[in-house]
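Structure, as structure tokens:
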Amino acid sequence: MEFSVWNIVTDIGLISLLLVLSVVLRAKIRLLQRSFMPASILAGILGLIFGPNGFGIIPFSDFIGDYPGILIAVVLGALPLSTQNFKWSEIMGKVGSLWSYSQIIMLLAWGGGLLFALILLVPTFDVHNGFGLLFAAGFVGGHGTAAALGDAFAQQGWEEATALAMTSATIGAILSIAVGLALIKSGTNKGYANYISSFDRLSEELKTGLIPKGKRHSMGTDTVSSISIESLSFHLGLVAFATTIGYYLSQLGESLYPNLVIPAFALSFLVGLMIRQLMQVAKADDYIDKSVMSKIGGSATDFLVAFGIASINLTVVADNVVPFTILLIFGILFNYFFYKVVSKYYFQENWFEKGIFTFGWITGAVAMGIALLRTVDPKLESKTLDEFGLAYIPIAPVEIMLITFAPLFILNGQHWLFTVITIGACFIIFIFSYYKKWIKFRDEGTG
């Protein structure tokens with residue numbers, strides 16, 4: 001198919017139609033409400049079923065698989081511009097245990113998942129050396145990370161990585177709710193929950209996804225006058241600039257060093273960080289509304305998820321179904337172990353709420369963790385979400401480094417070194433946690 005700008009317009013229009021339709025279906029169908037299925041995932045599934053990789057009814061262009069790689073650069077370009085200022089000492093003092101617990105899970109998912117595949121799946125099924133990274137990319141990272149990892153590997157010849165990573169993220173989101181709700185039912189029956197835990201007690205907006213008039217909030221604040229430029233245009237311009245420069249730097253690096261490909265999304269993140277630093281030096285950073293930036297990143301993520309799922313090549317998944325299934329089983333057992341065993345020692349207060357949130361997060365991304373947390377703590381009295389917001393600030397750069405450098409390690413034959421670095425880092429953080437008394441090897445009434 002010859003490229004035309006109308007390909008982009010029609011693709012966005014079609015996926016937007018599916019997103020709106022999915023919002024309506026979520027609002028009307030009780031089963032979808034109980035599944036906590038985000039509209040973006042539902043839209044992607046509809047696009048997969050009725051699009052070119054399914055029945056071929058929805059006329060997406062041949063370029064549908066290229067959008068996730070672009071959108072992840074937009075998401076990461078906006079990330080530094082939407083992050084609140086912080087002091088490391090304040091974070092460690094307030095949420096040290098949640099930070100160390102979450103950071104260990106993330107690192108161990110990347111390194112441990114890769115190690116599991118290198119030992120069992122690679123020699124048995126002759127899959128790619130980076131196959132084990134699909135667990136972390138899909139479960140812990142979600143669709144955004146899946147798009148980033150798939151794009152990085154695709155540039156180096158492993159084109160199947162995108163379809164597999166997106167499938168991993170989709171299955172992870174579904175499993176996080178299905179297994180998470182089962183864990184909630186079991187935990188509440190055993191008296192672990194400290195707050196209201198019945199689904200029927202949740203507010204209607206959490207079930208349907210539609211917020212009534214009395215509970216609506218503003219998206220953000222105008223920081224520049226519309227006489228000069230619309231505030232949304234100003235914020236979009238900063239993100240688009242960071243994304244574009246990141247892309248050009250990636251192309252420049254590839255032309256100078258053909259064997260070293262640094263993904264555009266990683267460089268977009270760095271450019272966004274530099275823009276923020278420059279604006280802070282110029283004392284103009286208060287003209288960036290963090291809420292608006294967050295909405296821009298969130299909106300790009302919605303489209304990324306929808307396009308990513310809709311573009312999954314089912315043939316690739318079918319060709320790898322056995323090793324892929326084994327890897328996903330390993331992943332869910334890994335996550336269950338952390339929820340059931342490790343969380344009790346890290347969280348001396350509200351272990352069930354924090355444990356169920358982190359289970360949702362490491363299985364189906366943060367959105368799924370919030371959905372599960374809302375079930376056991378509708379009013380967010382445990383402060384789990386507030387603490388995670390602080391804890392994730394120092395985690396985010398580590399995640400960016402993992403997404404950026406993991407493919408480079410694999411493609412340069414340093415897969416064993418990557419496992420040593422990540423698992424070794426987990427051990428160091430664990431020792432540090434014990435020294436700071438963030439972890440206690442006593443089970444004091446947690447059940």
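Each chain of the structure tokens is named A, B, ... in the order shown, its residues numbered from 1; ligands are numbered from 1 in display order.
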Within range 274-440 of chain A, find each residue whose DSSP state, derived from the backbone, is helix (DSSP H, G or I), and express the selection as a PyMOL selection string. chain A and resi 274-281+285-287+290-310+314-319+321-346+351-376+384-411+415-435
With C-alpha atoms kept, could you save the residues just selected as a short mmCIF file (atom, residue, chain, number, x, y, z; two decimals), in the first residue's frame?
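Wrote it out as selection-v6.cif, contents follow:
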data_model
loop_
_atom_site.label_atom_id
_atom_site.label_comp_id
_atom_site.auth_asym_id
_atom_site.auth_seq_id
_atom_site.Cartn_x
_atom_site.Cartn_y
_atom_site.Cartn_z
CA MET A 274 16.57 18.21 29.34
CA ILE A 275 13.61 20.45 28.44
CA ARG A 276 12.40 20.25 32.01
CA GLN A 277 15.86 21.04 33.39
CA LEU A 278 16.28 24.01 31.06
CA MET A 279 12.89 25.38 32.07
CA GLN A 280 13.80 24.96 35.74
CA VAL A 281 17.04 26.89 35.19
CA ASP A 285 8.93 25.19 34.80
CA ASP A 286 5.78 26.37 36.61
CA TYR A 287 4.31 27.03 33.15
CA LYS A 290 1.83 18.40 35.41
CA SER A 291 -1.80 17.31 35.18
CA VAL A 292 -2.10 18.34 31.53
CA MET A 293 1.17 16.59 30.70
CA SER A 294 -0.05 13.48 32.47
CA LYS A 295 -3.27 13.56 30.42
CA ILE A 296 -1.28 13.85 27.20
CA GLY A 297 0.84 10.84 28.14
CA GLY A 298 -2.24 8.93 29.27
CA SER A 299 -4.10 9.67 26.04
CA ALA A 300 -1.14 8.52 23.96
CA THR A 301 -1.08 5.34 26.05
CA ASP A 302 -4.76 4.67 25.30
CA PHE A 303 -4.13 4.82 21.57
CA LEU A 304 -0.89 2.85 21.95
CA VAL A 305 -2.70 -0.01 23.72
CA ALA A 306 -5.53 -0.06 21.19
CA PHE A 307 -3.24 0.00 18.15
CA GLY A 308 -0.83 -2.45 19.74
CA ILE A 309 -3.43 -5.13 20.39
CA ALA A 310 -5.20 -4.58 17.06
CA LEU A 314 -1.78 -14.16 15.59
CA THR A 315 0.31 -16.43 13.35
CA VAL A 316 3.46 -15.44 15.23
CA VAL A 317 1.76 -16.17 18.56
CA ALA A 318 0.54 -19.55 17.32
CA ASP A 319 4.03 -20.50 16.13
CA VAL A 321 2.43 -20.98 21.70
CA VAL A 322 4.15 -23.71 23.75
CA PRO A 323 7.23 -21.81 25.01
CA PHE A 324 5.11 -18.67 25.32
CA THR A 325 2.56 -20.44 27.51
CA ILE A 326 5.30 -21.89 29.73
CA LEU A 327 6.82 -18.42 30.15
CA LEU A 328 3.46 -16.91 31.12
CA ILE A 329 2.83 -19.68 33.67
CA PHE A 330 6.23 -18.94 35.15
CA GLY A 331 5.28 -15.27 35.27
CA ILE A 332 2.01 -15.73 37.13
CA LEU A 333 3.63 -18.09 39.67
CA PHE A 334 6.46 -15.57 40.15
CA ASN A 335 3.98 -12.77 40.83
CA TYR A 336 1.83 -14.91 43.12
CA PHE A 337 4.88 -15.81 45.21
CA PHE A 338 5.70 -12.15 45.79
CA TYR A 339 2.10 -11.38 46.73
CA LYS A 340 1.59 -14.35 49.02
CA VAL A 341 4.99 -14.60 50.69
CA VAL A 342 7.26 -11.58 50.24
CA SER A 343 4.68 -8.80 50.68
CA LYS A 344 3.90 -9.88 54.24
CA TYR A 345 7.48 -9.26 55.31
CA TYR A 346 7.86 -5.95 53.52
CA TRP A 351 -0.01 -5.74 53.67
CA PHE A 352 -3.09 -7.10 51.91
CA GLU A 353 -3.99 -3.82 50.22
CA LYS A 354 -0.40 -3.11 49.18
CA GLY A 355 0.15 -6.72 48.19
CA ILE A 356 -2.95 -6.91 46.00
CA PHE A 357 -2.10 -3.56 44.37
CA THR A 358 1.43 -4.64 43.53
CA PHE A 359 0.13 -7.99 42.24
CA GLY A 360 -2.15 -6.13 39.82
CA TRP A 361 0.68 -3.83 38.82
CA ILE A 362 3.32 -6.52 38.18
CA THR A 363 0.82 -8.70 36.31
CA GLY A 364 -1.14 -6.20 34.24
CA ALA A 365 0.43 -2.73 34.67
CA VAL A 366 -0.50 0.08 37.07
CA ALA A 367 -4.07 0.54 35.78
CA MET A 368 -4.95 -3.03 36.76
CA GLY A 369 -3.32 -2.55 40.16
CA ILE A 370 -5.48 0.51 40.79
CA ALA A 371 -8.61 -1.42 39.79
CA LEU A 372 -7.83 -4.16 42.33
CA LEU A 373 -6.90 -1.66 45.01
CA ARG A 374 -10.21 0.15 44.51
CA THR A 375 -11.97 -3.15 45.19
CA VAL A 376 -10.38 -3.68 48.61
CA THR A 384 -1.17 2.81 49.00
CA LEU A 385 -1.62 4.78 45.80
CA ASP A 386 -0.09 7.94 47.27
CA GLU A 387 2.92 5.98 48.49
CA PHE A 388 3.36 4.23 45.15
CA GLY A 389 3.29 7.57 43.34
CA LEU A 390 6.29 8.67 45.40
CA ALA A 391 8.02 5.30 45.22
CA TYR A 392 7.74 5.15 41.43
CA ILE A 393 9.64 8.41 40.89
CA PRO A 394 13.09 6.79 41.38
CA ILE A 395 11.85 3.55 39.80
CA ALA A 396 10.95 5.21 36.48
CA PRO A 397 14.56 5.96 35.38
CA VAL A 398 15.53 2.36 36.17
CA GLU A 399 12.65 1.10 34.05
CA ILE A 400 13.72 3.33 31.17
CA MET A 401 17.27 1.97 31.43
CA LEU A 402 15.99 -1.62 31.43
CA ILE A 403 13.83 -1.03 28.36
CA THR A 404 16.66 0.75 26.58
CA PHE A 405 19.64 -1.46 27.36
CA ALA A 406 18.12 -4.93 27.72
CA PRO A 407 17.81 -5.41 23.92
CA LEU A 408 21.34 -4.07 23.45
CA PHE A 409 22.73 -6.64 25.91
CA ILE A 410 20.84 -9.45 24.18
CA LEU A 411 21.71 -8.43 20.64
CA HIS A 415 22.44 -12.01 27.93
CA TRP A 416 24.17 -13.78 30.83
CA LEU A 417 25.81 -10.53 31.92
CA PHE A 418 22.39 -8.85 31.95
CA THR A 419 21.00 -11.51 34.30
CA VAL A 420 23.98 -11.12 36.62
CA ILE A 421 23.59 -7.32 36.74
CA THR A 422 19.84 -7.33 37.38
CA ILE A 423 19.78 -10.18 39.90
CA GLY A 424 22.88 -8.76 41.60
CA ALA A 425 21.15 -5.38 41.90
CA CYS A 426 18.17 -7.13 43.52
CA PHE A 427 20.47 -8.68 46.11
CA ILE A 428 22.05 -5.30 46.92
CA ILE A 429 18.64 -3.63 47.33
CA PHE A 430 17.49 -6.53 49.52
CA ILE A 431 20.51 -6.14 51.83
CA PHE A 432 19.94 -2.38 51.93
CA SER A 433 16.27 -2.99 52.81
CA TYR A 434 17.24 -5.25 55.68
CA TYR A 435 19.78 -2.71 56.93
#
Taking 6 positions as the minimum chain separation for residues in the same chain, which residues sit within 8 Å of Ala136 in chain A when counting only C-alpha atoms? Answer as a list in words. Met106, Ala109, Trp110 and Gly113 of chain A
Separation of CA of Ala266 in chain A from CA of Asp66 in chain A in Å: 16.8 Å
Report, in Å to a single decimal, how far apart CA of Ala39 in chain A and CA of Gly69 in chain A are.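 That distance, rounded to one decimal, is 20.3 Å.
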What's the 10 Å shell around Ser231 in chain A, counting only C-alpha atoms, without same-chain residues fewer than 2 positions away, as a ChimeraX atom specification? /A:220-226,228-229,233-237,287-289,292
Using N, CA and C atoms, can you write the selected residues to a file as a CSV table (one decimal), in the first residue's frame?
chain,number,residue,atom,x,y,z
A,220,GLY,N,-6.8,20.2,34.1
A,220,GLY,CA,-5.6,20.9,34.4
A,220,GLY,C,-5.9,22.4,34.4
A,221,THR,N,-4.8,23.2,34.4
A,221,THR,CA,-4.9,24.6,34.5
A,221,THR,C,-4.2,25.3,33.4
A,222,ASP,N,-4.8,26.4,32.8
A,222,ASP,CA,-4.1,27.1,31.8
A,222,ASP,C,-2.9,27.8,32.4
A,223,THR,N,-1.8,27.7,31.7
A,223,THR,CA,-0.5,28.3,32.2
A,223,THR,C,-0.1,29.4,31.2
A,224,VAL,N,-0.7,29.5,30.0
A,224,VAL,CA,-0.4,30.5,29.1
A,224,VAL,C,-1.7,31.1,28.6
A,225,SER,N,-1.7,32.3,28.1
A,225,SER,CA,-2.9,32.9,27.6
A,225,SER,C,-3.2,32.5,26.2
A,226,SER,N,-4.5,32.3,25.9
A,226,SER,CA,-5.0,31.9,24.6
A,226,SER,C,-4.7,33.0,23.6
A,228,SER,N,-2.0,34.3,23.1
A,228,SER,CA,-0.7,33.9,22.5
A,228,SER,C,-0.8,32.5,21.9
A,229,ILE,N,-1.2,31.5,22.7
A,229,ILE,CA,-1.3,30.1,22.2
A,229,ILE,C,-2.2,29.4,23.2
A,233,SER,N,-2.1,23.4,23.3
A,233,SER,CA,-1.2,23.5,22.2
A,233,SER,C,0.3,23.6,22.6
A,234,PHE,N,0.5,24.5,23.7
A,234,PHE,CA,1.8,24.7,24.2
A,234,PHE,C,2.3,23.4,24.8
A,235,HIS,N,1.5,22.7,25.6
A,235,HIS,CA,2.0,21.4,26.2
A,235,HIS,C,2.2,20.3,25.1
A,236,LEU,N,1.3,20.3,24.2
A,236,LEU,CA,1.5,19.3,23.1
A,236,LEU,C,2.8,19.6,22.3
A,237,GLY,N,3.0,20.9,22.1
A,237,GLY,CA,4.2,21.3,21.4
A,237,GLY,C,5.5,20.8,22.1
A,287,TYR,N,5.2,26.9,34.3
A,287,TYR,CA,4.3,27.0,33.2
A,287,TYR,C,3.9,25.7,32.6
A,288,ILE,N,4.6,24.6,33.1
A,288,ILE,CA,4.2,23.3,32.7
A,288,ILE,C,3.2,22.7,33.7
A,289,ASP,N,2.0,22.5,33.3
A,289,ASP,CA,1.0,21.9,34.2
A,289,ASP,C,1.2,20.4,34.2
A,292,VAL,N,-1.9,18.3,33.0
A,292,VAL,CA,-2.1,18.3,31.5
A,292,VAL,C,-1.1,17.4,30.8
Fewer than 2 positions away in the same chain doesn't count, so skip those; otherwise give me all residues within 12 Å of Ile64 in chain A, counting only C-alpha atoms, as an MDAnalysis selection string. chainID A and resid 1 3 7:12 14:15 44 47:48 51:53 58:62 66:71 303:313
Might you pull out every residue within 12 Å of Ala165 in chain A, with only C-alpha atoms counted and same-chain residues fewer than 2 positions away left off, and present them as a short mmCIF file (atom, residue, chain, number, x, y, z; two decimals) with C-alpha atoms, in the first residue's frame?
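Output file around.cif is given in full below:
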data_model
loop_
_atom_site.label_atom_id
_atom_site.label_comp_id
_atom_site.auth_asym_id
_atom_site.auth_seq_id
_atom_site.Cartn_x
_atom_site.Cartn_y
_atom_site.Cartn_z
CA PRO A 68 2.91 1.82 18.91
CA GLY A 130 15.64 -12.40 24.42
CA PHE A 131 12.48 -14.50 24.69
CA GLY A 132 12.48 -14.35 28.50
CA LEU A 133 12.15 -10.56 28.43
CA LEU A 134 8.60 -10.95 27.12
CA PHE A 135 7.45 -11.74 30.65
CA ALA A 136 8.68 -8.47 32.15
CA ALA A 137 7.76 -6.41 29.09
CA GLY A 138 4.18 -7.65 29.08
CA PHE A 139 3.38 -8.18 32.75
CA VAL A 140 5.42 -5.66 34.76
CA GLY A 141 5.71 -3.12 31.96
CA GLY A 142 2.36 -3.38 30.21
CA HIS A 143 1.55 -2.40 26.64
CA GLY A 144 3.80 0.67 26.65
CA THR A 145 6.89 -1.33 27.58
CA ALA A 146 5.82 -4.10 25.20
CA ALA A 147 5.71 -1.59 22.35
CA ALA A 148 9.10 -0.18 23.29
CA LEU A 149 10.81 -3.56 23.61
CA GLY A 150 9.19 -4.89 20.45
CA ASP A 151 10.24 -1.82 18.50
CA ALA A 152 13.83 -2.09 19.75
CA PHE A 153 14.11 -5.76 18.80
CA ALA A 154 12.31 -5.25 15.48
CA TRP A 158 13.52 -9.97 15.63
CA GLU A 159 10.24 -8.72 14.18
CA GLU A 160 8.13 -11.30 16.05
CA ALA A 161 8.99 -9.62 19.36
CA THR A 162 6.31 -6.92 19.02
CA ALA A 163 3.41 -9.35 18.49
CA THR A 167 0.11 -10.53 23.50
CA SER A 168 1.95 -10.94 26.79
CA ALA A 169 0.71 -7.53 27.96
CA THR A 170 -2.88 -8.29 26.95
CA ILE A 171 -2.90 -11.68 28.67
CA GLY A 172 -1.24 -10.12 31.71
CA VAL A 305 -2.70 -0.01 23.72
CA GLY A 308 -0.83 -2.45 19.74
CA ILE A 309 -3.43 -5.13 20.39
CA SER A 311 -1.90 -5.14 15.19
CA ILE A 312 -0.96 -8.43 16.90
CA ASN A 313 0.06 -11.06 14.38
CA VAL A 316 3.46 -15.44 15.23
CA VAL A 317 1.76 -16.17 18.56
CA ASN A 320 5.42 -19.87 19.63
CA PHE A 324 5.11 -18.67 25.32
CA LEU A 327 6.82 -18.42 30.15
CA LEU A 328 3.46 -16.91 31.12
#
Name all residues at most 9 Å from range 269-273 of chain A (count only C-alpha atoms; drop same-chain ones fewer than 6 positions away) and give them as a ChimeraX atom specification. /A:73-81,238-239,241-243,245-246,400
Please save N, CA and C atoms of the selected residues as an mmCIF file, in the first residue's frame.
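File out36.cif, as written:
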data_model
loop_
_atom_site.group_PDB
_atom_site.id
_atom_site.type_symbol
_atom_site.label_atom_id
_atom_site.label_comp_id
_atom_site.auth_asym_id
_atom_site.auth_seq_id
_atom_site.Cartn_x
_atom_site.Cartn_y
_atom_site.Cartn_z
ATOM 1 N N ALA A 73 7.219 6.715 22.158
ATOM 2 C CA ALA A 73 8.139 7.855 22.216
ATOM 3 C C ALA A 73 7.420 9.090 22.740
ATOM 4 N N VAL A 74 6.149 9.253 22.355
ATOM 5 C CA VAL A 74 5.342 10.366 22.865
ATOM 6 C C VAL A 74 5.115 10.217 24.373
ATOM 7 N N VAL A 75 4.769 9.006 24.789
ATOM 8 C CA VAL A 75 4.513 8.747 26.213
ATOM 9 C C VAL A 75 5.745 9.059 27.050
ATOM 10 N N LEU A 76 6.894 8.586 26.599
ATOM 11 C CA LEU A 76 8.117 8.784 27.384
ATOM 12 C C LEU A 76 8.664 10.197 27.233
ATOM 13 N N GLY A 77 8.351 10.859 26.139
ATOM 14 C CA GLY A 77 8.731 12.262 26.007
ATOM 15 C C GLY A 77 7.970 13.139 26.988
ATOM 16 N N ALA A 78 6.719 12.739 27.287
ATOM 17 C CA ALA A 78 5.890 13.512 28.223
ATOM 18 C C ALA A 78 6.189 13.177 29.673
ATOM 19 N N LEU A 79 6.749 11.988 29.924
ATOM 20 C CA LEU A 79 6.931 11.525 31.302
ATOM 21 C C LEU A 79 7.759 12.469 32.180
ATOM 22 N N PRO A 80 8.942 12.920 31.749
ATOM 23 C CA PRO A 80 9.715 13.827 32.622
ATOM 24 C C PRO A 80 9.013 15.153 32.872
ATOM 25 N N LEU A 81 8.154 15.547 31.930
ATOM 26 C CA LEU A 81 7.461 16.820 32.049
ATOM 27 C C LEU A 81 6.221 16.739 32.925
ATOM 28 N N LEU A 238 5.545 20.944 23.394
ATOM 29 C CA LEU A 238 6.730 20.497 24.125
ATOM 30 C C LEU A 238 6.941 18.991 23.967
ATOM 31 N N VAL A 239 5.855 18.234 24.070
ATOM 32 C CA VAL A 239 5.954 16.779 23.938
ATOM 33 C C VAL A 239 6.342 16.392 22.514
ATOM 34 N N PHE A 241 7.968 18.169 20.365
ATOM 35 C CA PHE A 241 9.359 18.561 20.146
ATOM 36 C C PHE A 241 10.305 17.514 20.732
ATOM 37 N N ALA A 242 10.031 17.085 21.968
ATOM 38 C CA ALA A 242 10.873 16.069 22.600
ATOM 39 C C ALA A 242 10.867 14.777 21.788
ATOM 40 N N THR A 243 9.698 14.389 21.288
ATOM 41 C CA THR A 243 9.581 13.158 20.505
ATOM 42 C C THR A 243 10.350 13.268 19.187
ATOM 43 N N ILE A 245 12.882 15.379 18.324
ATOM 44 C CA ILE A 245 14.330 15.435 18.528
ATOM 45 C C ILE A 245 14.861 14.053 18.913
ATOM 46 N N GLY A 246 14.109 13.327 19.737
ATOM 47 C CA GLY A 246 14.509 11.969 20.097
ATOM 48 C C GLY A 246 14.633 11.082 18.872
ATOM 49 N N ILE A 400 13.292 2.834 32.479
ATOM 50 C CA ILE A 400 13.723 3.333 31.174
ATOM 51 C C ILE A 400 15.052 2.701 30.773
#
Quick one, how far is CA of Lys28 in chain A from CA of Thr188 in chain A?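 Distance reported for this atom pair: 28.1 Å.
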Residues at most 9 Å from Met37 in chain A, counting only C-alpha atoms, excluding those fewer than 3 positions away in the same chain, as a VMD selection string? chain A and resid 26 32 to 34 40 to 42 173 to 174 177 368
